[in-house]
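*Asks:* Structure file input30.cif (mmCIF, C-alpha atoms and all ligand atoms) is given on the next line.
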```cif
data_upload
loop_
_atom_site.label_atom_id
_atom_site.label_comp_id
_atom_site.auth_asym_id
_atom_site.auth_seq_id
_atom_site.Cartn_x
_atom_site.Cartn_y
_atom_site.Cartn_z
CA MET A 10 -10.98 27.77 -10.32
CA LEU A 11 -8.57 28.69 -7.54
CA LEU A 12 -6.56 31.82 -8.33
CA ALA A 13 -3.15 32.59 -6.86
CA SER A 14 -4.59 35.65 -5.11
CA GLN A 15 -7.30 33.51 -3.42
CA ALA A 16 -4.70 31.04 -2.25
CA HIS A 17 -2.65 33.91 -0.79
CA SER A 18 -5.58 35.41 1.06
CA SER A 19 -6.58 32.15 2.79
CA CYS A 20 -2.98 31.32 3.66
CA SER A 21 -2.56 33.15 6.95
CA GLN A 22 -5.84 31.87 8.42
CA LEU A 23 -5.32 28.22 7.54
CA GLN A 24 -1.59 27.85 8.05
CA SER A 25 -0.64 30.30 10.76
CA ASN A 26 1.54 27.67 12.48
CA GLN A 27 3.50 26.86 9.31
CA GLN A 28 7.31 27.11 9.29
CA PRO A 29 8.75 30.22 7.57
CA PRO A 30 10.21 29.74 4.04
CA THR A 31 13.90 28.89 3.78
CA THR A 32 16.66 28.14 1.28
CA ASP A 33 18.73 26.20 3.83
CA MET A 34 18.99 22.61 2.49
CA ASN A 35 18.48 20.79 5.78
CA MET A 36 15.67 23.11 6.78
CA MET A 37 14.05 22.40 3.41
CA PHE A 38 13.60 18.76 4.39
CA GLN A 39 12.54 19.67 7.91
CA ASN A 40 9.81 21.82 6.35
CA THR A 41 8.74 19.01 4.03
CA VAL A 42 5.41 17.30 4.63
CA ALA A 43 5.00 14.55 2.06
CA ILE A 44 2.47 12.06 0.81
CA ILE A 45 4.04 9.11 -1.01
CA SER A 46 1.72 6.78 -2.89
CA GLY A 47 2.88 3.17 -3.13
CA GLY A 48 5.26 4.09 -0.34
CA VAL A 49 5.62 0.74 1.44
CA SER A 50 7.61 -0.89 -1.33
CA GLY A 51 10.45 -0.34 -3.79
CA LEU A 52 11.03 3.22 -5.00
CA GLY A 53 8.34 4.69 -2.73
CA ALA A 54 9.73 3.02 0.40
CA ALA A 55 13.27 4.19 -0.40
CA THR A 56 11.92 7.73 -0.83
CA ALA A 57 9.99 7.60 2.46
CA SER A 58 13.13 6.40 4.23
CA HIS A 59 15.39 9.05 2.61
CA LEU A 60 13.01 11.90 3.40
CA VAL A 61 12.32 10.86 7.00
CA LYS A 62 16.05 10.37 7.69
CA HIS A 63 16.60 13.96 6.49
CA GLY A 64 13.93 15.37 8.78
CA ALA A 65 10.76 15.30 6.65
CA ARG A 66 7.36 14.13 7.82
CA VAL A 67 5.76 11.54 5.59
CA VAL A 68 2.39 9.89 5.04
CA VAL A 69 2.73 6.62 3.19
CA ALA A 70 -0.43 6.03 1.14
CA ASP A 71 -0.69 2.41 0.07
CA LEU A 72 -3.24 -0.38 -0.17
CA PRO A 73 -4.78 -1.66 3.11
CA SER A 74 -3.09 -5.04 2.53
CA SER A 75 0.33 -3.40 2.91
CA ILE A 76 0.08 -2.45 6.60
CA GLU A 77 2.52 -5.17 7.74
CA GLN A 78 5.01 -4.09 5.10
CA PHE A 79 4.62 -0.53 6.42
CA GLU A 80 5.45 -1.71 9.95
CA ARG A 81 8.62 -3.37 8.61
CA LEU A 82 9.55 -0.14 6.81
CA ARG A 83 8.93 1.80 10.01
CA SER A 84 11.28 -0.41 12.01
CA SER A 85 13.93 -0.39 9.28
CA ILE A 86 13.97 3.43 9.37
CA GLY A 87 14.08 3.30 13.16
CA VAL A 88 11.64 6.11 13.91
CA GLY A 89 10.37 4.40 17.06
CA ASP A 90 7.26 6.07 18.45
CA GLU A 91 7.90 9.35 16.64
CA LYS A 92 4.95 10.59 14.61
CA VAL A 93 7.07 11.51 11.57
CA LEU A 94 6.01 8.48 9.51
CA GLN A 95 2.32 7.66 9.14
CA PHE A 96 0.35 5.11 7.15
CA ALA A 97 -2.94 5.80 5.38
CA GLU A 98 -4.90 2.96 3.81
CA THR A 99 -5.28 4.22 0.27
CA ASP A 100 -6.33 3.02 -3.11
CA VAL A 101 -5.04 5.83 -5.31
CA THR A 102 -8.05 5.55 -7.61
CA SER A 103 -10.43 6.51 -4.77
CA GLU A 104 -11.08 10.19 -4.06
CA GLU A 105 -12.29 9.34 -0.55
CA ASP A 106 -9.11 7.39 0.27
CA VAL A 107 -6.75 10.09 -1.02
CA VAL A 108 -8.64 12.82 0.85
CA GLY A 109 -8.33 10.61 3.95
CA ALA A 110 -4.56 10.27 3.47
CA LEU A 111 -4.16 14.05 3.06
CA ASN A 112 -6.22 14.51 6.23
CA VAL A 113 -3.77 12.24 8.08
CA ALA A 114 -0.95 14.66 7.17
CA GLU A 115 -2.99 17.66 8.30
CA ARG A 116 -4.05 15.99 11.56
CA GLU A 117 -0.75 14.37 12.56
CA PHE A 118 1.67 17.04 11.33
CA GLY A 119 -0.49 20.15 11.73
CA GLU A 120 0.24 21.22 8.15
CA GLN A 121 -0.90 20.51 4.62
CA VAL A 122 1.42 18.51 2.37
CA ASN A 123 3.96 20.40 0.25
CA LEU A 124 5.32 17.31 -1.52
CA ALA A 125 3.44 14.53 -3.32
CA VAL A 126 5.43 11.62 -4.76
CA ASN A 127 3.53 9.16 -6.93
CA CYS A 128 5.05 5.70 -6.78
CA ALA A 129 1.92 3.51 -6.80
CA GLY A 130 1.76 1.49 -9.96
CA ILE A 131 1.29 -1.87 -11.61
CA ALA A 132 3.19 -3.42 -14.50
CA PRO A 133 1.22 -6.12 -16.31
CA ALA A 134 2.85 -7.96 -19.22
CA LYS A 135 0.56 -8.94 -22.09
CA LYS A 136 0.76 -8.68 -25.87
CA THR A 137 -1.91 -6.90 -27.93
CA LEU A 138 -2.51 -10.17 -29.77
CA SER A 139 -0.43 -13.29 -29.53
CA ILE A 140 -0.82 -16.18 -31.92
CA LYS A 141 0.82 -19.46 -31.02
CA GLN A 142 1.45 -22.29 -33.47
CA ASN A 143 0.47 -25.62 -31.88
CA ASP A 144 2.21 -28.95 -32.55
CA ASP A 145 -0.80 -30.21 -34.51
CA GLY A 146 -0.58 -27.27 -36.93
CA SER A 147 -3.51 -25.39 -35.41
CA THR A 148 -3.10 -21.95 -33.86
CA THR A 149 -4.21 -20.47 -30.56
CA SER A 150 -4.70 -16.75 -30.36
CA ARG A 151 -4.81 -14.70 -27.19
CA LEU A 152 -6.17 -11.16 -27.20
CA HIS A 153 -5.15 -8.55 -24.61
CA PRO A 154 -8.19 -8.28 -22.32
CA LEU A 155 -9.61 -4.75 -22.44
CA SER A 156 -10.17 -4.91 -18.68
CA ASP A 157 -6.40 -5.37 -18.06
CA PHE A 158 -5.66 -2.37 -20.26
CA THR A 159 -8.17 -0.09 -18.54
CA LYS A 160 -7.11 -1.27 -15.06
CA THR A 161 -3.51 -0.30 -15.83
CA LEU A 162 -4.61 3.15 -16.98
CA GLU A 163 -6.93 3.48 -13.98
CA ILE A 164 -4.14 2.89 -11.43
CA ASN A 165 -1.08 4.31 -13.22
CA VAL A 166 -2.73 7.33 -14.85
CA ALA A 167 -6.02 8.17 -13.10
CA GLY A 168 -4.55 7.18 -9.70
CA THR A 169 -1.52 9.42 -10.27
CA PHE A 170 -3.76 12.28 -11.42
CA ASN A 171 -6.05 11.79 -8.42
CA ILE A 172 -3.13 12.23 -5.99
CA CYS A 173 -1.85 15.22 -8.02
CA ARG A 174 -5.11 17.16 -8.14
CA LEU A 175 -6.11 16.58 -4.50
CA SER A 176 -2.57 17.28 -3.21
CA ALA A 177 -2.33 20.45 -5.31
CA GLU A 178 -5.49 21.77 -3.68
CA ARG A 179 -3.99 21.16 -0.20
CA MET A 180 -0.70 22.79 -1.27
CA SER A 181 -2.62 25.85 -2.46
CA ARG A 182 -3.65 26.47 1.16
CA ARG A 183 -0.03 26.86 2.28
CA CYS A 184 1.95 30.09 2.52
CA PRO A 185 4.24 30.69 -0.48
CA ASP A 186 8.02 30.69 0.01
CA GLU A 187 10.35 33.40 -1.28
CA ASN A 188 9.98 31.93 -4.81
CA GLY A 189 6.20 32.01 -4.61
CA LEU A 190 6.23 28.19 -4.30
CA ARG A 191 3.82 26.18 -2.20
CA GLY A 192 4.60 22.65 -3.21
CA LEU A 193 6.02 20.04 -5.51
CA ILE A 194 4.59 16.98 -7.24
CA VAL A 195 6.93 14.22 -8.44
CA ASN A 196 5.39 11.59 -10.69
CA THR A 197 6.93 8.31 -11.76
CA ALA A 198 6.87 7.31 -15.40
CA SER A 199 9.28 4.75 -16.87
CA VAL A 200 11.67 4.38 -19.78
CA ALA A 201 8.82 2.24 -21.15
CA ALA A 202 7.10 5.54 -21.95
CA TYR A 203 9.69 5.90 -24.74
CA ASP A 204 11.00 2.40 -25.54
CA GLY A 205 8.15 0.08 -24.64
CA GLN A 206 8.96 -3.58 -25.14
CA VAL A 207 6.89 -6.48 -26.42
CA GLY A 208 4.15 -7.13 -23.87
CA GLN A 209 4.29 -3.62 -22.41
CA VAL A 210 1.51 -2.03 -24.46
CA ALA A 211 -0.73 -1.14 -21.50
CA TYR A 212 2.17 -0.21 -19.20
CA SER A 213 3.86 1.95 -21.87
CA ALA A 214 0.58 3.69 -22.70
CA SER A 215 0.10 4.49 -19.02
CA LYS A 216 3.65 5.79 -18.54
CA GLY A 217 3.44 7.81 -21.76
CA ALA A 218 0.38 9.47 -20.27
CA VAL A 219 2.30 10.32 -17.09
CA VAL A 220 5.03 11.92 -19.24
CA GLY A 221 2.35 13.78 -21.20
CA MET A 222 0.75 15.17 -18.03
CA THR A 223 3.95 16.77 -16.80
CA LEU A 224 4.12 20.03 -18.75
CA PRO A 225 0.40 20.88 -18.88
CA MET A 226 0.05 20.18 -15.16
CA ALA A 227 3.08 22.35 -14.39
CA ARG A 228 1.45 25.08 -16.47
CA ASP A 229 -1.94 24.56 -14.78
CA LEU A 230 -0.42 24.80 -11.32
CA ALA A 231 2.09 27.60 -11.95
CA GLY A 232 -0.43 30.16 -10.67
CA VAL A 233 -0.69 28.38 -7.33
CA GLY A 234 3.05 27.88 -6.97
CA VAL A 235 3.16 24.11 -7.38
CA ARG A 236 5.95 22.54 -9.44
CA VAL A 237 5.43 19.27 -11.32
CA MET A 238 8.29 16.95 -12.23
CA THR A 239 8.42 13.38 -13.53
CA ILE A 240 11.14 10.77 -13.10
CA ALA A 241 11.39 8.06 -15.77
CA PRO A 242 13.34 5.23 -14.13
CA GLY A 243 15.16 2.53 -16.05
CA LEU A 244 15.57 -0.87 -14.37
CA PHE A 245 15.55 -0.74 -10.58
CA MET A 246 16.01 -3.54 -8.07
CA THR A 247 12.55 -3.50 -6.47
CA PRO A 248 9.91 -6.18 -5.86
CA MET A 249 8.55 -5.30 -9.33
CA LEU A 250 11.74 -6.83 -10.81
CA ALA A 251 12.86 -9.11 -7.97
CA GLY A 252 10.33 -11.76 -8.99
CA LEU A 253 12.06 -12.36 -12.32
CA PRO A 254 14.37 -15.38 -12.76
CA GLU A 255 18.12 -14.79 -12.18
CA LYS A 256 18.98 -15.33 -15.83
CA VAL A 257 16.51 -12.61 -16.84
CA HIS A 258 18.19 -10.30 -14.30
CA ARG A 259 21.63 -11.03 -15.76
CA ASP A 260 20.32 -10.34 -19.27
CA LEU A 261 18.68 -7.11 -18.14
CA VAL A 262 21.88 -5.86 -16.49
CA LYS A 263 23.74 -6.35 -19.80
CA LEU A 264 21.39 -3.79 -21.36
CA VAL A 265 22.53 -1.00 -19.03
CA PRO A 266 25.58 0.78 -20.53
CA CYS A 267 27.00 2.55 -17.50
CA PRO A 268 26.99 1.85 -14.64
CA SER A 269 26.18 -1.66 -15.81
CA ARG A 270 23.83 -2.78 -13.04
CA LEU A 271 20.26 -2.34 -11.91
CA GLY A 272 19.40 0.97 -10.28
CA ASP A 273 19.35 1.17 -6.50
CA PRO A 274 16.04 2.59 -5.16
CA VAL A 275 18.16 4.95 -3.03
CA GLU A 276 19.26 6.60 -6.30
CA TYR A 277 15.62 7.31 -7.13
CA ALA A 278 15.03 8.66 -3.61
CA THR A 279 18.11 10.88 -3.87
CA LEU A 280 16.80 12.34 -7.13
CA VAL A 281 13.47 13.17 -5.46
CA GLY A 282 15.52 14.94 -2.75
CA SER A 283 17.50 16.86 -5.38
CA ILE A 284 14.28 17.98 -7.08
CA VAL A 285 12.95 19.17 -3.70
CA GLN A 286 16.13 21.19 -3.23
CA ASN A 287 16.21 22.77 -6.69
CA PRO A 288 13.28 25.18 -7.12
CA TYR A 289 14.09 25.91 -10.78
CA LEU A 290 13.26 22.35 -11.90
CA ASN A 291 9.72 22.32 -13.24
CA GLY A 292 7.63 20.81 -16.06
CA GLU A 293 10.30 18.30 -17.10
CA VAL A 294 10.90 14.55 -17.23
CA ILE A 295 14.25 13.20 -16.03
CA ARG A 296 15.37 9.77 -17.21
CA LEU A 297 17.22 7.93 -14.45
CA ASP A 298 18.49 4.91 -16.29
CA GLY A 299 22.28 4.47 -16.73
CA ALA A 300 21.74 5.39 -20.43
CA ILE A 301 19.61 2.30 -21.13
CA ARG A 302 17.55 2.22 -24.32
CA MET A 303 15.31 -0.83 -24.21
CA PRO A 304 15.32 -3.17 -27.21
CA PRO A 305 12.01 -4.50 -28.60
N1 LIG B 401 11.25 -1.00 -10.50
C1 LIG B 401 11.53 -0.54 -11.69
O1 LIG B 401 12.46 -0.99 -12.35
C2 LIG B 401 10.69 0.56 -12.29
C3 LIG B 401 11.11 1.08 -13.52
C4 LIG B 401 10.39 2.10 -14.10
C5 LIG B 401 9.26 2.62 -13.47
N2 LIG B 401 8.87 2.08 -12.27
C6 LIG B 401 7.67 2.65 -11.67
O2 LIG B 401 7.96 3.09 -10.37
C7 LIG B 401 6.81 2.96 -9.53
C8 LIG B 401 7.20 2.17 -8.30
O3 LIG B 401 7.67 0.91 -8.73
P1 LIG B 401 8.31 -0.14 -7.73
O4 LIG B 401 9.30 -0.90 -8.52
O5 LIG B 401 8.71 0.54 -6.49
O6 LIG B 401 7.04 -1.09 -7.52
P2 LIG B 401 6.54 -1.93 -6.23
O7 LIG B 401 5.69 -3.00 -6.81
O8 LIG B 401 7.69 -2.27 -5.37
O9 LIG B 401 5.63 -0.86 -5.48
C9 LIG B 401 4.42 -0.42 -6.00
C10 LIG B 401 3.54 -0.06 -4.83
O10 LIG B 401 2.32 0.45 -5.35
C11 LIG B 401 1.28 -0.01 -4.53
N3 LIG B 401 0.02 0.03 -5.26
C12 LIG B 401 -0.37 -0.70 -6.33
N4 LIG B 401 -1.62 -0.39 -6.68
C13 LIG B 401 -2.03 0.57 -5.82
C14 LIG B 401 -3.24 1.30 -5.66
N5 LIG B 401 -4.29 1.12 -6.47
N6 LIG B 401 -3.32 2.21 -4.65
C15 LIG B 401 -2.26 2.42 -3.82
N7 LIG B 401 -1.10 1.76 -3.93
C16 LIG B 401 -1.00 0.83 -4.91
C17 LIG B 401 1.69 -1.43 -4.15
O11 LIG B 401 1.00 -1.88 -3.00
C18 LIG B 401 3.18 -1.24 -3.92
O12 LIG B 401 3.47 -0.91 -2.58
C19 LIG B 401 5.74 2.30 -10.39
O13 LIG B 401 4.91 3.29 -10.92
C20 LIG B 401 6.54 1.65 -11.51
O14 LIG B 401 5.79 1.51 -12.69
C21 LIG B 401 9.56 1.07 -11.66
#
```
Represent the structure of the file as C-alpha cells.

*Replies:*
Amino acid sequence: MLLASQAHSSCSQLQSNQQPPTTDMNMMFQNTVAIISGGVSGLGAATASHLVKHGARVVVADLPSSIEQFERLRSSIGVGDEKVLQFAETDVTSEEDVVGALNVAEREFGEQVNLAVNCAGIAPAKKTLSIKQNDDGSTTSRLHPLSDFTKTLEINVAGTFNICRLSAERMSRRCPDENGLRGLIVNTASVAAYDGQVGQVAYSASKGAVVGMTLPMARDLAGVGVRVMTIAPGLFMTPMLAGLPEKVHRDLVKLVPCPSRLGDPVEYATLVGSIVQNPYLNGEVIRLDGAIRMPP
C-alpha cells in the first residue's frame, strides 16, 4: 500500500521539473496533464478540446480503430504540430494499454497525469427476457446473452476502474499542491444508474457500479491527495444517440424539462473544467441532465 508519506518522499526525485502549485484558474489548466479515455468521440472529445483550448496537455486513450477520428479531432482543435494533444491506442480493459497511455503523457509532457477522465463506454440495449407473441399463436423468447452483460461490465466498470487505479498511482508520484492534492479522477456514469429504462439492464448495472465506486474510491485515495468525482449525464447529442431515428430524438427531447433539448457535449466538458477548478468537490456524483427523470 502506498502511504501519503511515501508519495511525498519520492516526489522531489521523480517530479523535479513539475510546475509549482497554484490557485490561479488559467494556470490550473496550464498545469493540467490529462488522460481521457474514449476521448476521440462525443463527451470525451469535447472534454479534450475544452482542456487543450484552455492550455492543458492531453493524452486521448481510445481504441486503435479510432486513429482517423483522432486526426479529425486534432485538426478541429487546431493544435497544428504542437505536442499538447497525443493519441494512445488503448483498450481500457488492458493493463498494458493503459500503462502505455500513461507513459505517453510522461514521455511527451515530462510529467505524470494529474487528471483522468473516463469517457470510454458502450451502451447495449437488450431486455433480460423478451417474449414475443407470433401471428400463429406461438411465442418466441429471447434471453439476454450473459456474454453481452459481462462485456458491458468489463468495459464500463472494469475499464473505468483500470484507468482510475493506474492513473492514481501515477498521480501519487506528483508533488502535492497547497491543498495536499495531487490529482483528480472524473468518471462518467449516467442517469440510467438511477432510472434505467427497459432494455438497459446491463448498461444501468454498469453505471450504478460507477456511481457506487465514487465514495469508496475517494476515501481510498484521500491519503494520496487524489479526488474522485462522477458525472451522471442525461441525454447528450453524441454519436451514442445520433444513430437514433429523428422521431426518437424528438420524443427524447420532450422528456427533458428545462432546458428542453439534448445536452451539448461542451456542457459536459465545462463541468469537468469546473470540477478541476474547485478543489472542495470530492466523493460525489453530479447529475447533468436538465432535470430529466427517465420513464420506464
Ligand atoms: N451520450 C449520452 O447521452 C450519454 C448519457 C449518459 C452517459 N453517457 C456516457 O458517457 C460516456 C461517453 O459517451 P459518448 O456519448 O461520448 O459515447 P461515444 O460512443 O461517442 O464515445 C465512446 C468512446 O469510447 C470508446 N471506447 C469504447 N470501448 C472502448 C474500450 N474498450 N477502450 C477504449 N475506448 C473505448 C469508443 O471508441 C468511443 O470513442 C459513456 O460512458 C456513456 O455511457 C453518455

*Asks:* Taking (11.7, -5.5, -9.6) as a centre in this file's frame and 12 Å as the limit, can you find every polymer residue with an atom that close, using all atoms listed in the file, and give them as a count of residues only?

*Replies:* 26

*Asks:* Using CA of Thr137 (chain A) and CA of His153 (chain A) as the two end points, give the distance in Å to one decimal.

*Replies:*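 Distance reported for this atom pair: 4.9 Å.
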
*Asks:* Identify which of the residues A:Val126, A:Ala97, A:Val61, A:Met222 lies closest to Glu293 (chain A), counting only C-alpha atoms when measuring atom-to-atom distances.

*Replies:*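 Once distances to Glu293 (chain A) are computed over only C-alpha atoms, the minimum belongs to A:Met222.
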
*Asks:* Given the choices A:Lys160, A:Arg116, A:Lys256, A:Arg182, which gets closest to ligand LIG 401 (chain B) if the distance is worked out from all atoms listed in the file?

*Replies:*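 Between A:Lys160, A:Arg116, A:Lys256, A:Arg182, the residue approaching ligand LIG 401 (chain B) most closely is A:Lys160.
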
*Asks:* Quick one: of A:Leu60, A:Ala201, A:Val108, A:Val93, who's nearest to Asn35 (chain A), counting only C-alpha atoms?

*Replies:*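 When distances to Asn35 (chain A) are compared using only C-alpha atoms, the smallest one comes from A:Leu60.
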
*Asks:* Pull the neighbourhood of (15.6, 11.1, 0.7) for me: all residues within 12 Å in file coordinates, counting all atoms listed in the file, as a VMD selection string.

*Replies:* chain A and resid 35 37 to 39 41 43 45 52 to 67 86 126 274 to 286

*Asks:* Nearest residue to Cys184 (chain A) out of A:Ile140, A:Met303, A:Val233, A:Leu72, using all atoms listed in the file?

*Replies:*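 Using all atoms listed in the file, the shortest distance to Cys184 (chain A) belongs to A:Val233.
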
*Asks:* Within 10 Å of Gly234 (chain A), counting only C-alpha atoms, which residues show up once you throw out same-chain ones fewer than 5 positions away? Write them as a list in words, please.

*Replies:*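 Near Gly234 (chain A), the qualifying residues are Ala13, Ala16, Ala177, Met180, Ser181, Arg183, Cys184, Pro185, Asp186, Asn188, Gly189, Leu190, Arg191, Gly192, Leu193, Ala227 and Asp229 of chain A.
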
*Asks:* Using Å and a single decimal, report how far CA of Glu187 (chain A) sits from CA of Arg228 (chain A).

*Replies:*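 Between these atoms lies a distance of 19.5 Å.
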
*Asks:* Of the residues A:Pro154, A:Gly232, A:Gly130, A:Gly205, which is the one nearest to Pro304 (chain A), using all atoms listed in the file?

*Replies:*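 Result for the nearest residue to Pro304 (chain A): A:Gly205.
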
*Asks:* Pick the closest to Ala114 (chain A) from A:Ala211, A:Ala300, A:Leu224, A:Val42: which is it, counting all atoms listed in the file?

*Replies:*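 Smallest separation from Ala114 (chain A) among the options: A:Val42.
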